[in-house]
Every structure is written in C-alpha cells, then in structure tokens.
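Engineer: I have a structure here, written as structure tokens, and I will follow up with some questions on it.
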Amino acid sequence: MKRAFIVILLAVALIAPVATAADEGKPEYPTITVYFSDGTSTNITKKQWVEIFPVVQGRISGYDWSGRMKELFFDKSLKGLNPFGLDFIRGLEEHTLSEWDNNYARVIIEALNYTYNLDSDGDGYSNYEELNAGTLPGDANSHPGMTQEEFWGEYQGWIIIGVLIASVFVLYFVFNREKD
Ligand SMILES: [Ca+2]
C-alpha cells in the first residue's frame, strides 16, 4: 500500500502545476473603452495596459504586483474587467481625454486613489488593504486573513480533481498487481 501512497502524491504533485501553467503563456489583455467626463473616449489596448501596469505598481508599497497585474484588473478569462478593474476605469472616467493625453500617469494615479477606499469585491476589505496585502481586490474569495473554510472553498475544485486522478492511478496499480 506504500507504493499506492507514493503514486497518489506524485499524481497530485505532477498534475496540479501543469493544469495551472496551462493558462499562463502570453496574455492578450482585453481592449477597454474609457468614456471620459467631457464626452470623449479612448481605447485601452494591450499596449496601453502594459504601460499602465508599472505606474500602478509604483503606487503600491506593500506588495509587488508586477507579475500579477492581469489578476488585478481582469476576469479569469482575460475577456473583461473584474469589479476592481471596473472601478479603476470609473476612476479614469472622472478625467478628460486632454488630461489623459497630457499626463496619463497622473490620471492613472488619481484613478487608483479613487479606488482605494472602495471595496470593489464586497468582501469587507478595502481595495487599499487588499493591494498592499497581495490579495485580489476584484475577487471576494481572495482577501487578507483567509480562514481554512474559505481556503477550502476556493481550492476544493483542484483538490477534488487531484484526488480523482490519483484514484485512477491507484486503481490501475491495484488491478495490475492482482494479475501477478
Ligand atoms: Ca475587497
């Protein structure tokens, strides 16, 4: 039975990271239209997002978001914005196109300030607290001080898949043995 145990551990260890890596690759950020307060608008394309990210990171002191910006703003399919991303765009929309063209970094910083005191995902923690703690301000399942129950809630899908796959390995093993 010891061997079966090792097989379970191996299966979980090997399969979980592979499944997570599948959605990495080169992300295509969604193009988002911003409607400024003066009635003008602009499209934020992937190219602009890449310029926005360092400005945002420069304003956060408590956590290094540079490798996780896509989680910060977008939904999991990278097709649209999560609730924090929506509030960030609302912050941009307080401004005008000429302000954006003259000094987009300032507009980004002010939009970020606008989001700070909001709780975009409604989990009881302000966006400011979440940004500095490294939890996702647009995902109510992610927040500082996650309890064990909440951890299980977020990861149970992966755990169940891991156990199912491991069970198949174990059954295969057991049946093969009985033949000998
Ligand atoms: Ca929150």
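Going by the structure tokens order, chains are called A, B, ..., each with residues numbered from 1, while ligands are numbered from 1 in the order shown.
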Enumerate as number ranges by chain the residues within 12 Å of ligand 1, counting only C-alpha atoms and all ligand atoms.
Structural biologist: A: 72, 82-84, 87, 115-145
Engineer: Would you list the contacts of Val34 (chain A) as a PDB file with N, CA and C atoms, in the first residue's frame, taking every protein, DNA or RNA residue within 8 Å and counting only C-alpha atoms, but skipping same-chain residues closer than 3 positions in sequence?
Structural biologist:
```pdb
ATOM      1  N   SER A  41     -13.690  59.730 -25.732  1.00  0.00           N
ATOM      2  CA  SER A  41     -13.387  58.363 -25.299  1.00  0.00           C
ATOM      3  C   SER A  41     -12.059  57.910 -25.890  1.00  0.00           C
ATOM      4  N   THR A  42     -11.502  56.862 -25.316  1.00  0.00           N
ATOM      5  CA  THR A  42     -10.287  56.271 -25.871  1.00  0.00           C
ATOM      6  C   THR A  42     -10.312  54.772 -25.604  1.00  0.00           C
ATOM      7  N   ASN A  43      -9.598  54.038 -26.418  1.00  0.00           N
ATOM      8  CA  ASN A  43      -9.487  52.592 -26.188  1.00  0.00           C
ATOM      9  C   ASN A  43      -8.176  52.275 -25.481  1.00  0.00           C
ATOM     10  N   ILE A  44      -8.284  51.491 -24.421  1.00  0.00           N
ATOM     11  CA  ILE A  44      -7.066  51.000 -23.777  1.00  0.00           C
ATOM     12  C   ILE A  44      -6.791  49.613 -24.343  1.00  0.00           C
ATOM     13  N   ILE A  89     -11.454  51.832 -14.000  1.00  0.00           N
ATOM     14  CA  ILE A  89     -11.881  52.535 -15.217  1.00  0.00           C
ATOM     15  C   ILE A  89     -12.803  53.707 -14.857  1.00  0.00           C
ATOM     16  N   LEU A  92     -10.704  56.501 -13.986  1.00  0.00           N
ATOM     17  CA  LEU A  92     -10.143  57.158 -15.185  1.00  0.00           C
ATOM     18  C   LEU A  92     -11.182  58.073 -15.810  1.00  0.00           C
ATOM     19  N   GLU A  93     -12.440  57.633 -15.783  1.00  0.00           N
ATOM     20  CA  GLU A  93     -13.519  58.355 -16.466  1.00  0.00           C
ATOM     21  C   GLU A  93     -13.909  59.663 -15.777  1.00  0.00           C
TER      22      GLU A  93
END
```
Engineer: Any chance you could list, as a list in words, the residues in chain A that come up strand (DSSP E or B) when DSSP is run on the backbone?
Structural biologist: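 Of chain A, the ones in strand (DSSP E or B) are Ile32, Thr33, Val34, Tyr35, Ser41, Thr42, Asn43, Ile44, Phe74 and Leu81 of chain A.
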Engineer: Based on the selection just made, write C-alpha atoms of those residues as a PDB file, in the first residue's frame.
Structural biologist:
```pdb
ATOM      1  CA  ILE A  32     -11.459  48.541 -22.879  1.00  0.00           C
ATOM      2  CA  THR A  33     -13.166  51.755 -23.984  1.00  0.00           C
ATOM      3  CA  VAL A  34     -12.931  54.628 -21.499  1.00  0.00           C
ATOM      4  CA  TYR A  35     -15.647  57.310 -21.701  1.00  0.00           C
ATOM      5  CA  SER A  41     -13.387  58.363 -25.299  1.00  0.00           C
ATOM      6  CA  THR A  42     -10.287  56.271 -25.871  1.00  0.00           C
ATOM      7  CA  ASN A  43      -9.487  52.592 -26.188  1.00  0.00           C
ATOM      8  CA  ILE A  44      -7.066  51.000 -23.777  1.00  0.00           C
ATOM      9  CA  PHE A  74      -9.256  41.330 -15.461  1.00  0.00           C
ATOM     10  CA  LEU A  81     -12.658  43.530 -16.208  1.00  0.00           C
TER      11      LEU A  81
END
```
Engineer: Please, which residues of chain A, numbered as in this document, come out alpha helix (DSSP H) from DSSP, as number ranges by chain?
Structural biologist: A: 2-21, 46-59, 69-73, 83-92, 97-102, 104-116, 127-133, 148-179
Engineer: May I have the selected residues written with C-alpha atoms, as a tab-separated table (two decimals), in the first residue's frame?
Structural biologist:
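Below is the file part_18.tsv, written as the result:
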```tsv
chain	number	residue	atom	x	y	z
A	2	LYS	CA	3.02	2.25	0.49
A	3	ARG	CA	3.57	2.33	-3.25
A	4	ALA	CA	-0.01	3.42	-3.85
A	5	PHE	CA	0.54	6.30	-1.48
A	6	ILE	CA	3.61	7.45	-3.34
A	7	VAL	CA	1.66	7.27	-6.60
A	8	ILE	CA	-1.09	9.49	-5.13
A	9	LEU	CA	1.47	12.05	-4.00
A	10	LEU	CA	3.23	12.01	-7.36
A	11	ALA	CA	-0.02	12.36	-9.30
A	12	VAL	CA	-1.12	15.38	-7.29
A	13	ALA	CA	2.33	16.97	-7.39
A	14	LEU	CA	2.69	16.50	-11.14
A	15	ILE	CA	-0.79	17.33	-12.35
A	16	ALA	CA	-1.65	20.40	-10.27
A	17	PRO	CA	1.21	22.63	-11.57
A	18	VAL	CA	0.67	21.54	-15.18
A	19	ALA	CA	-3.01	22.49	-15.00
A	20	THR	CA	-2.12	25.88	-13.52
A	21	ALA	CA	0.58	26.59	-16.12
A	46	LYS	CA	-2.90	45.65	-24.68
A	47	LYS	CA	-0.10	48.10	-25.49
A	48	GLN	CA	-1.56	50.74	-23.15
A	49	TRP	CA	-2.21	48.23	-20.39
A	50	VAL	CA	1.45	47.30	-20.47
A	51	GLU	CA	2.28	51.00	-19.93
A	52	ILE	CA	-0.32	51.38	-17.17
A	53	PHE	CA	0.92	48.44	-15.07
A	54	PRO	CA	4.27	49.95	-13.97
A	55	VAL	CA	2.57	53.22	-12.97
A	56	VAL	CA	0.11	51.28	-10.82
A	57	GLN	CA	2.90	49.19	-9.31
A	58	GLY	CA	4.83	52.36	-8.49
A	59	ARG	CA	1.99	53.47	-6.18
A	69	MET	CA	-1.32	42.62	-12.96
A	70	LYS	CA	-3.69	40.59	-15.13
A	71	GLU	CA	-5.28	39.11	-11.99
A	72	LEU	CA	-5.61	42.58	-10.56
A	73	PHE	CA	-7.75	44.08	-13.33
A	83	PRO	CA	-15.02	44.51	-10.18
A	84	PHE	CA	-11.75	46.21	-9.21
A	85	GLY	CA	-10.86	46.80	-12.87
A	86	LEU	CA	-14.31	48.34	-13.40
A	87	ASP	CA	-13.79	50.75	-10.51
A	88	PHE	CA	-10.35	51.66	-11.82
A	89	ILE	CA	-11.88	52.54	-15.22
A	90	ARG	CA	-14.56	54.61	-13.44
A	91	GLY	CA	-11.71	56.48	-11.78
A	92	LEU	CA	-10.14	57.16	-15.19
A	97	LEU	CA	-9.10	63.00	-22.84
A	98	SER	CA	-6.76	66.01	-22.82
A	99	GLU	CA	-5.75	65.25	-19.21
A	100	TRP	CA	-5.09	61.67	-20.30
A	101	ASP	CA	-3.04	62.75	-23.32
A	102	ASN	CA	-1.07	65.36	-21.37
A	104	TYR	CA	-1.62	59.70	-18.37
A	105	ALA	CA	0.49	58.71	-15.36
A	106	ARG	CA	-1.20	61.35	-13.21
A	107	VAL	CA	-4.64	60.23	-14.37
A	108	ILE	CA	-3.76	56.61	-13.53
A	109	ILE	CA	-2.56	57.59	-10.05
A	110	GLU	CA	-5.72	59.59	-9.38
A	111	ALA	CA	-7.88	56.73	-10.63
A	112	LEU	CA	-6.04	54.40	-8.27
A	113	ASN	CA	-6.59	56.84	-5.39
A	114	TYR	CA	-10.28	56.84	-6.31
A	115	THR	CA	-10.42	53.05	-5.87
A	116	TYR	CA	-8.53	52.93	-2.55
A	127	ASN	CA	-9.03	47.87	-2.11
A	128	TYR	CA	-6.13	49.67	-0.43
A	129	GLU	CA	-5.82	46.93	2.21
A	130	GLU	CA	-6.00	44.21	-0.43
A	131	LEU	CA	-3.49	45.80	-2.80
A	132	ASN	CA	-0.94	46.09	-0.02
A	133	ALA	CA	-1.63	42.60	1.29
A	148	GLN	CA	-9.39	27.43	6.50
A	149	GLU	CA	-13.01	27.10	5.43
A	150	GLU	CA	-12.58	29.86	2.84
A	151	PHE	CA	-9.34	28.30	1.61
A	152	TRP	CA	-11.20	25.01	1.06
A	153	GLY	CA	-13.97	26.90	-0.73
A	154	GLU	CA	-11.52	28.41	-3.18
A	155	TYR	CA	-9.36	25.37	-3.86
A	156	GLN	CA	-11.74	22.45	-3.47
A	157	GLY	CA	-12.14	22.15	-7.26
A	158	TRP	CA	-8.43	21.49	-7.71
A	159	ILE	CA	-8.25	19.21	-4.70
A	160	ILE	CA	-11.15	17.08	-5.97
A	161	ILE	CA	-9.64	16.82	-9.47
A	162	GLY	CA	-6.32	15.81	-7.92
A	163	VAL	CA	-7.92	13.11	-5.78
A	164	LEU	CA	-9.96	11.74	-8.71
A	165	ILE	CA	-6.90	11.45	-10.94
A	166	ALA	CA	-4.92	9.91	-8.11
A	167	SER	CA	-7.70	7.37	-7.54
A	168	VAL	CA	-7.47	6.25	-11.16
A	169	PHE	CA	-3.74	5.71	-10.73
A	170	VAL	CA	-4.32	3.71	-7.56
A	171	LEU	CA	-7.00	1.50	-9.14
A	172	TYR	CA	-4.74	0.83	-12.11
A	173	PHE	CA	-1.99	-0.16	-9.70
A	174	VAL	CA	-4.18	-2.42	-7.59
A	175	PHE	CA	-5.65	-4.23	-10.63
A	176	ASN	CA	-2.27	-4.72	-12.21
A	177	ARG	CA	-0.96	-6.24	-9.02
A	178	GLU	CA	-3.79	-8.73	-8.67
A	179	LYS	CA	-2.96	-10.15	-12.08
```
Engineer: What is the distance between CA of Lys76 (chain A) and CA of Thr31 (chain A), in Å to one decimal?
Structural biologist: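 Computing it gives 15.1 Å between the two atoms.
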